[in-house]
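Okay, query.tsv now, which holds TSV, C-alpha atoms:
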chain	number	residue	atom	x	y	z
J	1	MET	CA	302.61	87.41	117.67
J	2	THR	CA	305.87	89.31	117.93
J	3	PRO	CA	306.99	91.51	115.08
J	4	PRO	CA	309.78	90.14	112.89
J	5	SER	CA	313.34	91.05	113.79
J	6	PRO	CA	315.10	93.77	111.76
J	7	PHE	CA	317.22	91.03	110.14
J	8	ARG	CA	314.14	89.07	109.12
J	9	ARG	CA	312.44	92.21	107.76
J	10	ALA	CA	315.55	93.09	105.76
J	11	ILE	CA	316.26	89.64	104.35
J	12	ARG	CA	312.71	88.40	103.67
J	13	PRO	CA	312.13	90.63	100.65
J	14	LEU	CA	315.44	89.51	99.18
J	15	ALA	CA	314.93	85.82	99.81
J	16	VAL	CA	311.27	85.58	99.03
J	17	GLY	CA	311.26	88.18	96.31
J	18	ALA	CA	314.30	86.85	94.51
J	19	LEU	CA	313.38	83.19	94.46
J	20	LEU	CA	309.66	83.56	93.95
J	21	ALA	CA	310.09	86.32	91.41
J	22	GLY	CA	312.21	83.90	89.45
J	23	ILE	CA	309.43	81.35	89.44
J	24	LEU	CA	306.31	83.46	89.65
J	25	SER	CA	307.20	86.74	87.97
J	26	GLY	CA	305.37	88.80	85.43
J	27	CYS	CA	306.04	86.54	82.46
J	28	THR	CA	302.84	85.42	80.88
J	29	ALA	CA	302.23	81.76	80.36
J	30	ALA	CA	302.64	80.36	76.89
J	31	PRO	CA	299.33	79.79	75.15
J	32	THR	CA	298.06	76.24	75.02
J	33	ASP	CA	296.73	74.53	71.94
J	34	ASP	CA	293.55	73.22	73.55
J	35	ALA	CA	291.72	73.32	70.21
J	36	ASN	CA	294.10	70.74	68.75
J	37	PRO	CA	293.44	67.29	70.29
J	38	ALA	CA	296.62	65.95	68.66
J	39	ALA	CA	298.64	68.27	70.88
J	40	SER	CA	297.57	66.29	73.94
J	41	THR	CA	297.47	62.82	72.38
J	42	PRO	CA	300.74	60.90	71.98
J	43	VAL	CA	301.42	59.21	68.65
J	44	ALA	CA	302.11	55.55	69.44
J	45	SER	CA	303.27	54.50	65.98
J	46	THR	CA	306.26	56.87	65.88
J	47	PRO	CA	307.84	57.38	69.31
J	48	ALA	CA	310.30	60.00	68.00
J	49	ALA	CA	307.44	62.16	66.70
J	50	SER	CA	305.69	62.57	70.04
J	51	PRO	CA	306.92	61.12	73.34
J	52	PRO	CA	304.39	59.68	75.75
J	53	PRO	CA	303.21	62.05	78.48
J	54	ALA	CA	305.66	62.16	81.37
J	55	ALA	CA	302.80	61.82	83.83
J	56	SER	CA	302.04	58.30	82.62
J	57	THR	CA	305.64	57.05	82.87
J	58	GLY	CA	307.07	58.88	85.85
J	59	GLU	CA	306.40	61.88	88.06
J	60	THR	CA	303.28	63.96	87.80
J	61	PRO	CA	303.76	67.73	87.37
J	62	GLU	CA	302.90	68.21	91.05
J	63	GLU	CA	305.40	65.55	92.13
J	64	SER	CA	308.09	67.22	90.03
J	65	PHE	CA	307.28	70.64	91.49
J	66	ARG	CA	307.38	69.26	95.03
J	67	ALA	CA	310.67	67.45	94.31
J	68	TRP	CA	312.15	70.75	93.09
J	69	LEU	CA	310.80	72.64	96.11
J	70	ALA	CA	312.22	70.11	98.57
J	71	ALA	CA	315.60	70.02	96.82
J	72	SER	CA	315.73	73.82	96.66
J	73	ARG	CA	315.25	74.08	100.42
J	74	GLU	CA	317.58	71.23	101.59
J	75	PRO	CA	319.58	72.38	99.53
J	76	ASP	CA	320.38	69.72	96.99
J	77	ALA	CA	321.53	72.10	94.26
J	78	GLY	CA	322.16	69.41	91.64
J	79	THR	CA	318.65	68.03	91.94
J	80	ALA	CA	316.98	71.45	92.25
J	81	CYS	CA	318.81	72.81	89.19
J	82	SER	CA	317.88	69.75	87.15
J	83	TYR	CA	314.20	70.67	87.59
J	84	LEU	CA	314.68	74.18	86.11
J	85	SER	CA	314.74	75.15	82.45
J	86	ASP	CA	317.74	77.13	81.23
J	87	GLY	CA	315.47	80.12	80.60
J	88	LEU	CA	314.18	80.05	84.16
J	89	VAL	CA	317.70	79.81	85.60
J	90	GLU	CA	318.78	82.81	83.51
J	91	ARG	CA	315.78	84.83	84.64
J	92	MET	CA	316.25	83.92	88.31
J	93	LEU	CA	319.95	84.84	88.21
J	94	ALA	CA	319.12	88.19	86.59
J	95	GLU	CA	316.44	88.95	89.18
J	96	LEU	CA	318.75	88.04	92.05
J	97	ALA	CA	321.41	90.34	90.58
J	98	ALA	CA	318.83	93.13	90.25
J	99	ASN	CA	318.10	92.67	93.98
J	100	GLY	CA	321.78	92.96	94.89
J	101	ILE	CA	322.54	89.24	95.21
J	102	ALA	CA	325.27	88.25	92.78
J	103	VAL	CA	325.64	84.49	92.39
J	104	ASP	CA	327.55	82.46	89.86
J	105	GLY	CA	325.25	79.87	88.38
J	106	CYS	CA	322.31	77.74	89.39
J	107	ALA	CA	324.02	75.71	92.13
J	108	GLU	CA	325.18	78.82	93.99
J	109	MET	CA	321.74	80.40	93.51
J	110	ILE	CA	320.00	77.37	95.08
J	111	THR	CA	322.45	77.23	97.98
J	112	THR	CA	322.21	80.98	98.63
J	113	THR	CA	318.43	81.14	98.52
J	114	ALA	CA	318.12	78.03	100.72
J	115	GLU	CA	320.35	79.74	103.29
J	116	LEU	CA	318.23	82.90	103.10
J	117	TYR	CA	315.00	80.93	103.57
J	118	ALA	CA	316.51	79.03	106.51
J	119	ALA	CA	317.76	82.26	108.10
J	120	ILE	CA	314.25	83.73	108.15
J	121	GLY	CA	312.49	80.47	109.01
J	122	GLU	CA	310.42	80.49	105.81
J	123	SER	CA	308.27	77.38	105.56
J	124	PRO	CA	308.60	75.19	102.46
J	125	ASP	CA	304.91	74.28	102.69
J	126	ALA	CA	302.80	74.91	99.62
J	127	GLU	CA	299.33	74.08	98.39
J	128	VAL	CA	299.38	72.91	94.78
J	129	GLU	CA	296.43	72.65	92.40
J	130	THR	CA	296.66	71.37	88.83
J	131	ILE	CA	295.07	73.89	86.48
J	132	SER	CA	295.77	72.01	83.25
J	133	GLU	CA	297.84	69.13	81.98
J	134	THR	CA	298.52	67.89	78.47
J	135	ALA	CA	301.29	65.70	77.09
J	136	ASP	CA	303.51	68.72	76.46
J	137	ARG	CA	302.61	71.27	79.14
J	138	ALA	CA	301.21	71.50	82.65
J	139	GLU	CA	300.16	74.50	84.70
J	140	LEU	CA	299.89	74.49	88.48
J	141	PHE	CA	298.52	77.07	90.87
J	142	VAL	CA	300.81	77.25	93.89
J	143	THR	CA	300.13	79.00	97.20
J	144	TYR	CA	303.10	79.14	99.54
J	145	ALA	CA	302.81	79.33	103.34
J	146	SER	CA	304.02	82.95	103.02
J	147	ALA	CA	300.80	83.70	101.04
J	148	ASP	CA	302.75	84.29	97.82
J	149	CYS	CA	301.02	82.52	94.96
J	150	GLY	CA	300.90	82.14	91.21
J	151	THR	CA	301.03	79.78	88.30
J	152	VAL	CA	303.97	77.50	87.59
J	153	VAL	CA	304.31	76.16	84.05
J	154	LEU	CA	306.13	72.87	83.50
J	155	VAL	CA	307.12	70.85	80.45
J	156	PRO	CA	308.00	67.14	80.31
J	157	GLU	CA	311.61	66.05	80.29
J	158	GLY	CA	312.04	62.32	80.28
J	159	ALA	CA	309.94	60.76	83.04
J	160	ARG	CA	309.46	64.03	84.93
J	161	TRP	CA	308.55	67.68	84.42
J	162	ILE	CA	310.74	70.80	84.63
J	163	LEU	CA	309.73	74.30	85.69
J	164	THR	CA	309.89	76.94	82.96
J	165	GLU	CA	310.07	80.70	82.77
J	166	HIS	CA	306.45	80.82	81.55
J	167	SER	CA	304.89	81.51	84.94
J	168	GLU	CA	302.94	84.36	86.44
J	169	GLU	CA	302.73	85.87	89.91
J	170	ARG	CA	299.14	86.28	91.07
J	171	CYS	CA	299.34	87.44	94.70
Show me, as structure tokens, the structure contained in the file I just sent.
Amino acid sequence: MTPPSPFRRAIRPLAVGALLAGILSGCTAAPTDDANPAASTPVASTPAASPPPAASTGETPEESFRAWLAASREPDAGTACSYLSDGLVERMLAELAANGIAVDGCAEMITTTAELYAAIGESPDAEVETISETADRAELFVTYASADCGTVVLVPEGARWILTEHSEERC
């Protein structure tokens, strides 16, 4: 195996660090309410009180994560951004800026990071394992081909799930 080029060595920390830090950074996951069965059971008599779990009417959390990952690498900025919570977008933009990459908004962030990943030949492959899933929260353990890994926390939005800032880098 040949060593990476100087360009690849210089850009990989920015591309991988910036995007993955935005998703898998040191934020701790929000606590779950596993002791309360009502938190994971939809209320059928009053739809406004508790919507049905997104997993039963649309995408699973893993499907939503994979849809985001694919859109973020194509890039399809509109689709990728629609899978991110506002809090996660804010955090990712701040972390990119801290790494010297100033972008104006989610769409430019997705386009820029997709270009960085393409420039270094970073694979979009990932292994995904569901750690937990309730009607209002799901947690996945994701291992990327680059060996970066961590938890990704999602919440339902309509018939799909969106990635939130409540994630944690593990390796």
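Computed from the coordinates, the CA of Cys171 (chain J) to CA of Gly150 (chain J) distance equals 6.5 Å.
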Long-range neighbours of Cys149 (chain J) as a list in words, 7 Å cut-off, only C-alpha atoms, 6 positions minimum in chain: Val142, Thr143, Glu169, Arg170 and Cys171 of chain J
For Trp161 (chain J), which residue among J:Arg73, J:Ala107, J:Ala114, J:Ser85 is the nearest when counting all atoms listed in the file? J:Ser85
Check the smallest atom-to-atom distance from each of J:Glu90, J:Tyr83, J:Tyr144, J:Ala118 to Glu59 (chain J) using all atoms listed in the file, then report the winner.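 Going through J:Glu90, J:Tyr83, J:Tyr144, J:Ala118 one by one, the smallest distance to Glu59 (chain J) is for J:Tyr83.
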Please indicate the distance in Å from CA of Ile162 (chain J) to CA of Glu127 (chain J), rounded to one decimal place.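 Between these atoms lies a distance of 18.2 Å.
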Polymer residues at most 12 Å from Ala94 (chain J), all atoms listed in the file, same-chain spacing of 3 or more positions, as an NGL selection string: :J and (18-19 or 21-22 or 87-91 or 97-106 or 109)
Here is a test: counting all atoms listed in the file, which residue of J:Leu154, J:Ala71, J:Ala147, J:Ala119 is nearest to Glu133 (chain J)? J:Leu154
What is the distance, in Å and to one decimal place, between CA of Leu93 (chain J) and CA of Ile131 (chain J)?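 Going from CA of Leu93 (chain J) over to CA of Ile131 (chain J), I get 27.2 Å.
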Looking at J:Glu139, J:Glu115, J:Asp148, J:Glu129, which one is nearest to Glu165 (chain J), with distances taken over all atoms listed in the file?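 Comparing J:Glu139, J:Glu115, J:Asp148, J:Glu129 against Glu165 (chain J), the winner is J:Glu139.
Compared by their closest atoms to Ala145 (chain J), and using only C-alpha atoms, the residues J:Thr130, J:Gly121, J:Leu84, J:Leu163 rank with J:Gly121 nearest.
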